[in-house]
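*Asks:* My structure file query34.cif, mmCIF, C-alpha atoms, is below:
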data_start
loop_
_atom_site.label_atom_id
_atom_site.label_comp_id
_atom_site.auth_asym_id
_atom_site.auth_seq_id
_atom_site.Cartn_x
_atom_site.Cartn_y
_atom_site.Cartn_z
CA MET R 1 0.00 0.00 0.00
CA HIS R 2 0.98 3.57 -0.60
CA ILE R 3 1.21 6.04 2.24
CA LEU R 4 2.64 9.48 2.88
CA LEU R 5 5.26 9.20 5.64
CA ASN R 6 6.73 12.48 6.87
CA GLY R 7 5.77 14.05 3.58
CA GLU R 8 7.41 11.29 1.50
CA GLU R 9 5.70 8.60 -0.57
CA ARG R 10 6.31 5.13 0.89
CA GLU R 11 5.33 1.63 -0.14
CA LEU R 12 4.45 -0.56 2.84
CA PRO R 13 3.01 -4.06 3.25
CA SER R 14 -0.73 -4.04 4.04
CA GLY R 15 -2.01 -4.50 7.57
CA LEU R 16 0.94 -2.80 9.25
CA THR R 17 0.33 -1.09 12.59
CA VAL R 18 2.09 2.07 13.71
CA THR R 19 4.14 0.01 16.18
CA ASP R 20 5.24 -2.27 13.31
CA LEU R 21 6.26 0.78 11.31
CA LEU R 22 8.28 2.24 14.20
CA HIS R 23 10.07 -1.10 14.64
CA GLN R 24 10.71 -1.32 10.92
CA LEU R 25 12.27 2.15 11.03
CA ASN R 26 14.30 1.16 14.08
CA MET R 27 12.85 3.95 16.19
CA GLN R 28 12.65 4.10 19.94
CA VAL R 29 9.00 4.55 20.87
CA ASP R 30 9.83 6.72 23.88
CA GLN R 31 11.66 9.28 21.73
CA VAL R 32 8.95 9.96 19.16
CA ALA R 33 5.33 11.00 18.74
CA VAL R 34 3.07 9.91 15.91
CA GLU R 35 0.27 11.62 14.02
CA HIS R 36 -2.07 9.46 11.94
CA ASN R 37 -4.14 11.44 9.44
CA MET R 38 -3.62 14.60 11.51
CA LYS R 39 -4.70 12.86 14.75
CA ILE R 40 -2.18 12.18 17.49
CA VAL R 41 -1.79 8.49 18.30
CA GLY R 42 -1.30 8.04 22.05
CA ARG R 43 1.30 5.60 23.37
CA SER R 44 -1.33 3.03 24.31
CA GLU R 45 -3.00 3.28 20.90
CA LEU R 46 0.12 2.69 18.79
CA THR R 47 -0.25 -1.09 18.57
CA GLY R 48 -3.94 -0.96 17.72
CA CYS R 49 -3.50 1.69 15.05
CA THR R 50 -3.54 -0.03 11.65
CA ILE R 51 -2.23 1.84 8.63
CA HIS R 52 -4.34 1.95 5.48
CA GLU R 53 -3.77 2.85 1.84
CA GLY R 54 -3.38 6.60 1.36
CA ASP R 55 -2.86 7.34 5.07
CA ARG R 56 -0.73 10.23 6.14
CA ILE R 57 1.71 9.48 8.95
CA GLU R 58 3.96 11.95 10.69
CA ILE R 59 6.68 10.82 13.08
CA ILE R 60 8.33 13.59 15.07
CA SER R 61 11.06 13.83 17.63
CA PHE R 62 13.04 16.51 19.40
CA MET R 63 15.75 18.31 17.49
CA GLY R 64 18.24 20.98 18.43
CA GLY R 65 16.38 24.24 18.79
CA GLY R 66 15.94 27.07 21.18
CA GLU R 67 15.53 30.36 19.61
CA ARG R 68 15.36 29.99 15.87
CA LEU R 69 17.57 32.11 13.72
CA LYS R 70 16.47 32.98 10.24
CA ILE R 71 18.16 35.94 8.70
CA ARG R 72 17.89 36.69 5.04
CA GLY R 73 21.27 36.99 3.35
CA ASN R 74 24.47 37.46 5.26
CA PRO R 75 23.96 37.01 9.01
CA TYR R 76 26.74 39.49 9.70
CA GLU R 77 25.21 42.18 7.55
CA MET R 78 23.46 43.79 10.46
CA GLU R 79 26.52 43.68 12.67
CA ARG R 80 28.31 45.77 10.10
CA GLN R 81 25.44 48.21 10.00
CA LEU R 82 25.55 48.77 13.72
CA MET T 83 26.10 29.65 45.33
CA MET T 84 23.38 30.45 47.82
CA ASN T 85 20.27 28.35 48.06
CA ASP T 86 17.92 30.37 45.89
CA PRO T 87 15.70 28.04 43.90
CA LEU T 88 13.32 29.08 41.14
CA MET T 89 9.84 27.59 41.43
CA ILE T 90 7.53 27.25 38.45
CA ALA T 91 4.33 25.20 38.39
CA GLY T 92 5.45 23.03 41.28
CA ARG T 93 8.89 22.39 39.82
CA THR T 94 12.07 23.58 41.49
CA PHE T 95 15.16 24.68 39.59
CA ASN T 96 18.53 25.59 41.05
CA SER T 97 19.97 27.07 37.88
CA ARG T 98 18.50 30.29 36.55
CA LEU T 99 20.07 29.87 33.15
CA TRP T 100 17.90 28.06 30.62
CA VAL T 101 19.40 27.07 27.30
CA GLY T 102 18.38 26.06 23.81
CA THR T 103 19.91 23.25 21.79
CA GLY T 104 20.00 24.73 18.30
CA LYS T 105 22.86 25.69 16.03
CA TYR T 106 25.59 23.61 17.65
CA LYS T 107 28.12 21.75 15.49
CA GLY T 108 26.91 18.43 16.82
CA PHE T 109 25.37 16.58 19.74
CA ILE T 110 28.69 16.33 21.60
CA GLU T 111 29.22 20.09 21.54
CA THR T 112 25.56 20.59 22.54
CA GLN T 113 26.03 18.28 25.49
CA GLN T 114 29.31 19.89 26.59
CA ALA T 115 27.96 23.44 26.35
CA ILE T 116 24.84 22.56 28.33
CA GLU T 117 26.94 20.82 30.94
CA ALA T 118 29.20 23.90 31.22
CA SER T 119 26.18 26.24 31.47
CA GLY T 120 24.84 24.35 34.48
CA ALA T 121 21.35 24.66 32.98
CA GLU T 122 18.62 22.32 34.13
CA VAL T 123 15.97 23.44 31.66
CA VAL T 124 16.73 22.74 28.02
CA THR T 125 14.55 23.77 25.10
CA VAL T 126 14.14 21.56 22.07
CA ALA T 127 12.36 21.89 18.75
CA ILE T 128 9.77 19.46 17.45
CA ARG T 129 10.58 18.20 13.97
CA ARG T 130 10.00 15.31 11.59
CA VAL T 131 12.47 12.49 12.17
CA ASN T 132 14.72 11.58 9.27
CA ILE T 133 13.16 8.43 7.86
CA THR T 134 15.70 7.88 5.09
CA ASP T 135 18.88 8.06 7.14
CA ARG T 136 18.19 6.01 10.25
CA SER T 137 21.83 6.05 11.31
CA GLN T 138 21.22 9.51 12.74
CA GLU T 139 21.22 9.68 16.48
CA ASN T 140 18.54 11.28 18.62
CA LEU T 141 19.08 14.41 20.69
CA LEU T 142 17.58 12.62 23.66
CA ASP T 143 20.48 10.14 23.53
CA TYR T 144 22.63 13.08 24.61
CA LEU T 145 20.19 14.86 26.94
CA ASP T 146 18.83 12.51 29.53
CA PRO T 147 15.25 13.58 30.36
CA LYS T 148 15.88 12.26 33.88
CA LYS T 149 18.69 14.77 34.30
CA TYR T 150 17.25 17.74 32.40
CA THR T 151 13.81 19.28 32.21
CA ILE T 152 13.06 19.07 28.52
CA LEU T 153 11.08 22.07 27.33
CA PRO T 154 9.63 21.47 23.84
CA ASN T 155 9.07 24.67 21.89
CA THR T 156 6.83 25.58 19.00
CA ALA T 157 9.58 27.48 17.18
CA GLY T 158 8.83 28.08 13.54
CA CYS T 159 5.04 28.16 14.05
CA TYR T 160 3.38 31.18 12.47
CA THR T 161 -0.26 30.27 13.17
CA VAL T 162 -2.25 29.27 16.24
CA GLU T 163 -3.17 25.98 14.54
CA ASP T 164 0.47 25.08 13.90
CA ALA T 165 1.52 26.01 17.42
CA LEU T 166 -1.25 23.82 18.88
CA ARG T 167 -0.29 20.91 16.63
CA TYR T 168 3.39 21.11 17.54
CA ALA T 169 2.66 21.52 21.25
CA ARG T 170 0.37 18.47 21.25
CA LEU T 171 2.95 16.40 19.36
CA GLY T 172 5.61 17.49 21.83
CA ARG T 173 3.51 16.31 24.75
CA ALA T 174 2.66 13.06 22.95
CA THR T 175 6.33 12.05 23.22
CA GLY T 176 5.60 11.55 26.91
CA VAL T 177 8.71 13.51 27.83
CA SER T 178 7.07 16.71 29.04
CA ASP T 179 3.77 18.49 29.54
CA LEU T 180 5.60 21.82 29.48
CA VAL T 181 5.64 23.88 26.33
CA LYS T 182 7.59 26.97 25.40
CA LEU T 183 4.84 28.48 23.33
CA GLU T 184 5.90 30.53 20.35
CA VAL T 185 3.52 31.96 17.78
CA ILE T 186 5.79 33.91 15.48
CA GLY T 187 4.44 36.95 13.71
CA ASP T 188 7.05 37.74 11.13
CA GLU T 189 9.96 35.97 9.53
CA GLN T 190 12.38 38.87 9.60
CA THR T 191 11.94 39.97 13.22
CA LEU T 192 10.64 36.68 14.65
CA PHE T 193 8.65 38.86 17.02
CA PRO T 194 5.75 37.05 18.68
CA ASP T 195 2.23 37.37 17.31
CA THR T 196 0.87 38.23 20.73
CA ALA T 197 -2.81 37.96 19.75
CA GLY T 198 -2.17 34.45 18.43
CA LEU T 199 -0.05 33.68 21.48
CA ILE T 200 -2.85 34.49 23.92
CA GLU T 201 -5.34 32.50 21.83
CA ALA T 202 -3.07 29.43 21.66
CA ALA T 203 -2.10 29.69 25.33
CA THR T 204 -5.78 29.78 26.37
CA ILE T 205 -6.50 26.56 24.48
CA LEU T 206 -3.39 24.71 25.67
CA ILE T 207 -3.93 25.66 29.32
CA LYS T 208 -7.46 24.21 29.06
CA GLU T 209 -5.85 21.02 27.75
CA GLY T 210 -3.64 20.83 30.83
CA PHE T 211 -0.37 22.10 29.39
CA VAL T 212 2.07 24.12 31.47
CA VAL T 213 2.42 27.01 29.05
CA LEU T 214 5.55 29.16 29.17
CA PRO T 215 4.92 31.85 26.57
CA TYR T 216 7.63 33.54 24.49
CA THR T 217 6.25 37.06 24.40
CA ASN T 218 7.10 40.60 23.50
CA ASP T 219 8.40 43.08 26.08
CA ASP T 220 4.84 44.32 26.47
CA PRO T 221 3.57 44.58 30.08
CA ILE T 222 -0.11 44.43 29.07
CA VAL T 223 0.34 41.20 27.11
CA ALA T 224 2.43 39.74 29.94
CA LYS T 225 -0.39 40.53 32.38
CA LYS T 226 -2.99 38.93 30.09
CA LEU T 227 -0.86 35.78 29.78
CA VAL T 228 -0.68 35.50 33.56
CA ASP T 229 -4.43 36.16 33.89
CA ILE T 230 -5.24 33.23 31.60
CA GLY T 231 -3.02 30.91 33.65
CA CYS T 232 0.57 30.97 32.44
CA PRO T 233 2.80 30.13 35.44
CA ALA T 234 5.64 32.30 34.05
CA VAL T 235 6.17 34.74 31.19
CA MET T 236 9.15 34.89 28.86
CA PRO T 237 9.55 38.35 27.37
CA LEU T 238 12.28 38.88 24.81
CA ALA T 239 15.29 41.12 25.43
CA ALA T 240 15.77 41.70 21.70
CA PRO T 241 14.98 39.81 18.47
CA ILE T 242 15.93 36.13 18.50
CA GLY T 243 19.56 35.57 17.62
CA SER T 244 20.27 39.31 17.39
CA GLY T 245 22.63 39.51 20.38
CA LEU T 246 21.51 43.09 20.98
CA GLY T 247 20.91 42.71 24.71
CA ILE T 248 17.99 44.26 26.56
CA ARG T 249 16.53 46.84 24.17
CA ASN T 250 13.82 48.07 26.48
CA PRO T 251 14.92 47.82 30.11
CA TYR T 252 12.04 50.02 31.30
CA ASN T 253 9.39 47.78 29.80
CA LEU T 254 11.14 44.81 31.35
CA LYS T 255 11.12 46.55 34.73
CA ILE T 256 7.40 47.33 34.36
CA ILE T 257 6.72 43.66 33.51
CA LEU T 258 8.69 42.64 36.60
CA GLU T 259 6.55 44.94 38.73
CA THR T 260 3.27 44.03 37.03
CA VAL T 261 3.19 40.26 37.09
CA ASN T 262 3.30 38.01 40.12
CA VAL T 263 4.87 35.01 38.37
CA PRO T 264 8.48 34.33 37.40
CA VAL T 265 9.79 36.35 34.45
CA ILE T 266 12.29 34.64 32.20
CA VAL T 267 14.09 36.90 29.78
CA ASP T 268 14.12 34.94 26.54
CA ALA T 269 16.08 35.75 23.39
CA GLY T 270 18.35 38.55 22.29
CA VAL T 271 21.12 38.20 24.86
CA GLY T 272 24.57 38.68 23.30
CA THR T 273 27.11 38.21 26.04
CA ALA T 274 27.45 37.54 29.75
CA SER T 275 26.94 41.14 30.85
CA ASP T 276 23.52 41.15 29.11
CA ALA T 277 22.52 38.13 31.14
CA ALA T 278 23.88 39.70 34.33
CA LEU T 279 21.96 42.91 33.65
CA ALA T 280 18.69 41.04 33.11
CA MET T 281 19.18 39.31 36.46
CA GLU T 282 20.15 42.58 38.18
CA TYR T 283 16.86 44.09 37.03
CA GLY T 284 15.15 41.26 38.86
CA ALA T 285 14.45 38.73 36.13
CA ASP T 286 13.96 35.26 37.57
CA ALA T 287 15.91 33.48 34.84
CA VAL T 288 17.40 33.99 31.38
CA LEU T 289 16.91 31.72 28.39
CA MET T 290 19.35 31.78 25.52
CA ASN T 291 20.67 29.74 22.64
CA THR T 292 22.47 31.73 19.95
CA ALA T 293 24.67 33.68 22.35
CA ILE T 294 26.23 30.39 23.45
CA ALA T 295 25.98 28.21 20.34
CA GLY T 296 27.10 31.02 18.04
CA ALA T 297 30.10 32.09 20.15
CA GLN T 298 33.58 31.30 18.85
CA ASP T 299 33.98 28.98 21.82
CA PRO T 300 30.53 27.84 22.94
CA ILE T 301 31.82 25.95 25.98
CA LYS T 302 33.63 29.02 27.34
CA MET T 303 30.63 31.22 26.65
CA ALA T 304 28.32 28.73 28.37
CA THR T 305 30.54 29.00 31.45
CA ALA T 306 30.57 32.81 31.19
CA MET T 307 26.78 32.86 30.97
CA LYS T 308 26.49 30.62 34.02
CA TYR T 309 28.54 33.13 36.03
CA GLY T 310 26.81 36.12 34.43
CA VAL T 311 23.44 34.88 35.58
CA GLU T 312 24.77 34.03 39.04
CA VAL T 313 26.47 37.38 39.66
CA GLY T 314 23.46 39.27 38.33
CA ARG T 315 21.19 37.37 40.67
CA LEU T 316 23.53 37.93 43.63
CA ALA T 317 23.73 41.67 42.94
CA TYR T 318 19.93 41.83 42.67
CA LYS T 319 19.53 40.01 45.99
CA ALA T 320 22.20 42.23 47.56
CA GLY T 321 20.33 45.39 46.56
CA ARG T 322 22.32 47.98 44.70
CA ILE T 323 22.97 51.56 45.90
CA PRO T 324 20.82 54.27 44.33
CA ARG T 325 22.25 56.32 41.47
CA LYS T 326 23.19 59.88 42.45
CA LEU T 327 24.37 62.76 40.34
CA TYR T 328 27.09 63.96 42.73
CA ALA T 329 29.86 62.34 44.70
CA THR T 330 29.55 61.02 48.23
CA ALA T 331 32.91 60.64 49.95
CA SER T 332 33.60 57.13 51.17
CA SER T 333 36.49 58.16 53.45
CA PRO T 334 35.65 60.02 56.73
CA ILE T 335 36.26 63.77 57.04
CA GLU T 336 37.05 63.48 60.78
CA GLY T 337 40.72 63.14 61.61
CA MET T 338 41.90 65.07 58.61
CA LEU T 339 44.85 67.43 59.20
#
Written as C-alpha cells, that's how I'd like the structure from this file.

*Replies:*
Amino acid sequence: MHILLNGEERELPSGLTVTDLLHQLNMQVDQVAVEHNMKIVGRSELTGCTIHEGDRIEIISFMGGGERLKIRGNPYEMERQL
Amino acid sequence: MMNDPLMIAGRTFNSRLWVGTGKYKGFIETQQAIEASGAEVVTVAIRRVNITDRSQENLLDYLDPKKYTILPNTAGCYTVEDALRYARLGRATGVSDLVKLEVIGDEQTLFPDTAGLIEAATILIKEGFVVLPYTNDDPIVAKKLVDIGCPAVMPLAAPIGSGLGIRNPYNLKIILETVNVPVIVDAGVGTASDAALAMEYGADAVLMNTAIAGAQDPIKMATAMKYGVEVGRLAYKAGRIPRKLYATASSPIEGML
C-alpha cells in the first residue's frame, strides 16, 4: 500500500500497525510522537493503530532548537550596519 | 552559590540559566555546552524524524530527560493551529507536559504574534499544558498571559539571535513589577553582561541559545553565561545603591589634618 510518511511517498506491506512501522524504522518509541491522518496516536493506541492505503503518517522527535535564527542573506550584515 | 531556587508550576530549579539546543556543530558540543552552562531546563524543537537516514542519532540520547527538564518549543510556528499541533505532538512524546509556546508573527523579526499567542495559550492551558509563553516586552500582554493561567512569562530582550541585549529595560522593569509570576528573559542576549543585567533588574531566569551556540567557543561562553546569571542574581539580591548625580565621599572627614 501507498502512504505518505513524513511528507514522502512510501510503499508498505498491508495490515501494518504504527508500532510495526516504528520497529521497521528502528525507532525508539519513547523518543517519538506519531500523528495518523492529523490525529495524534497516544502511546497506548500505537499497537492498535492499523495503517491503510493513502494514510498520512507523521513521526516527530526533538531536534536541536531554542531560539530559531532565520536571517535573510548574510547574518553578519546587520553587525556591520551597527 | 546560595540556596535560591526558582519555582515554576510546582517544579524547582537551582539554575536560573535556561538554554536552547539549536545551532551547535553536533550533539557532543551541545552536550558539553549545556553541561558547562549548568542549565537544568533545556529547550528543544519538534521536527520530523529523518526516515531515510536512520543512522542519525537522537538528541535525547545526549540529553537525559531524567537529568534535564526538557522544554519542547513551537519554534517556527506562524499560526495558532500550527503552534497547537506542535505543542500536542511534543507532549505526545511523553517527555514533558511543558511547552515553550511561540507563535511567530514575522519571519524577519521573529517577534511574537501576541494575539495568536494568547489564543493558543488559552486553548493549551485548558488542555492541561504548562504554558511558558515567548512574548514581547509588552507589560499588558504579559499581564494577560498571567491572567489566563501561564505560570511564568518569557519576554524577549531583543529579536531572537540578534545579540543586541535588553533593548527596552524600562518595559522589562514594568513587567517585573506588574506580574506576580516568574519572568524569564528569553532571546536577544549577546554576552554575559547582558545576562547579568537582566538578572540585576530582577528577572527570575534567562533563556538563551544563539549567544552560546554562536560564540567562537561555545563551551567558554556557556561558562561565562552561568557566572553572568549568578552574579546578576547575587547583585539583585544584595540590593544595589541608588544612582546619584554627585559624589559622596567614602572616606571620613574626621581626623583630617

*Asks:* Would you list the contacts of segment 7-23 of chain R as a ChimeraX atom specification, taking every protein, DNA or RNA residue within 12 Å and counting all atoms listed in the file, but skipping same-chain residues closer than 2 positions in sequence?

*Replies:* /R:1-5,25-37,40-60 /T:130-134,136

*Asks:* Identify which of the residues T:Thr305, T:Tyr160, T:Ala293, T:Leu316 lies closest to Met281 of chain T, counting all atoms listed in the file when measuring atom-to-atom distances.

*Replies:*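 Ranked by minimum distance to Met281 of chain T, first place goes to T:Leu316.
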
*Asks:* Hey, what's within 6 Å of segment 117-125 of chain T if we count all atoms listed in the file and toss same-chain stuff fewer than 3 positions away? As a list in words, please?

*Replies:*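 Near neighbours after the sequence-gap exclusion: Gly66 of chain R; Ser97, Leu99, Trp100, Val101, Gly102, Gln114, Tyr150, Thr151, Ile152, Leu153, Pro154, Ala304, Thr305 and Lys308 of chain T.
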
*Asks:* Let me know the residues the PyMOL selection byres ((chain T and resi 235) around 9) catches in the file above, as a PyMOL selection string.

*Replies:* chain T and resi 213-217+224-225+227-228+232-234+236-237+261+263-267

*Asks:* Go through the shown structure with the PyMOL selection byres ((chain T) within 6 of (chain R)) and write out the matching residues as a PyMOL selection string.

*Replies:* chain T and resi 102-104+125-131+171+174-175+242-243+291

*Asks:* Extract, using only C-alpha atoms, all DNA, RNA and protein residues at most 9 Å from Ile230 of chain T, discarding same-chain residues fewer than 3 positions from it, and format them as a list in words.

*Replies:* Ile200, Ala203, Thr204, Ile207, Lys225, Lys226 and Leu227 of chain T

*Asks:* Go ahead and compute the interatomic distance for atom CA of Tyr144 of chain T and atom CA of Tyr106 of chain T, in Å to one decimal.

*Replies:*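 Atom CA of Tyr106 of chain T lies 13.0 Å from atom CA of Tyr144 of chain T.
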
*Asks:* Would you kindly return, as an MDAnalysis selection string, each protein, DNA or RNA residue with an atom no farther than 10 Å from any atom of segment 319-325 of chain T, considering only C-alpha atoms and excluding same-chain residues fewer than 3 positions away?

*Replies:* chainID T and resid 86 281:282 284 313:316 328

*Asks:* How far is it from atom CA of Asp135 of chain T to atom CA of Lys105 of chain T, in Å with one decimal?

*Replies:*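 Atom CA of Lys105 of chain T lies at a distance of 20.1 Å from atom CA of Asp135 of chain T.
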
*Asks:* Suppose you want the space between atom CA of Ala91 of chain T and atom CA of Lys182 of chain T; what is it in Å?

*Replies:*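 Between these atoms lies a distance of 13.5 Å.
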
*Asks:* Just want the 6 Å neighbourhood of Ala202 of chain T, counted on all atoms listed in the file, with same-chain residues fewer than 3 positions away dropped. Output as a list in words.

*Replies:* Val162, Leu199 and Ile205 of chain T
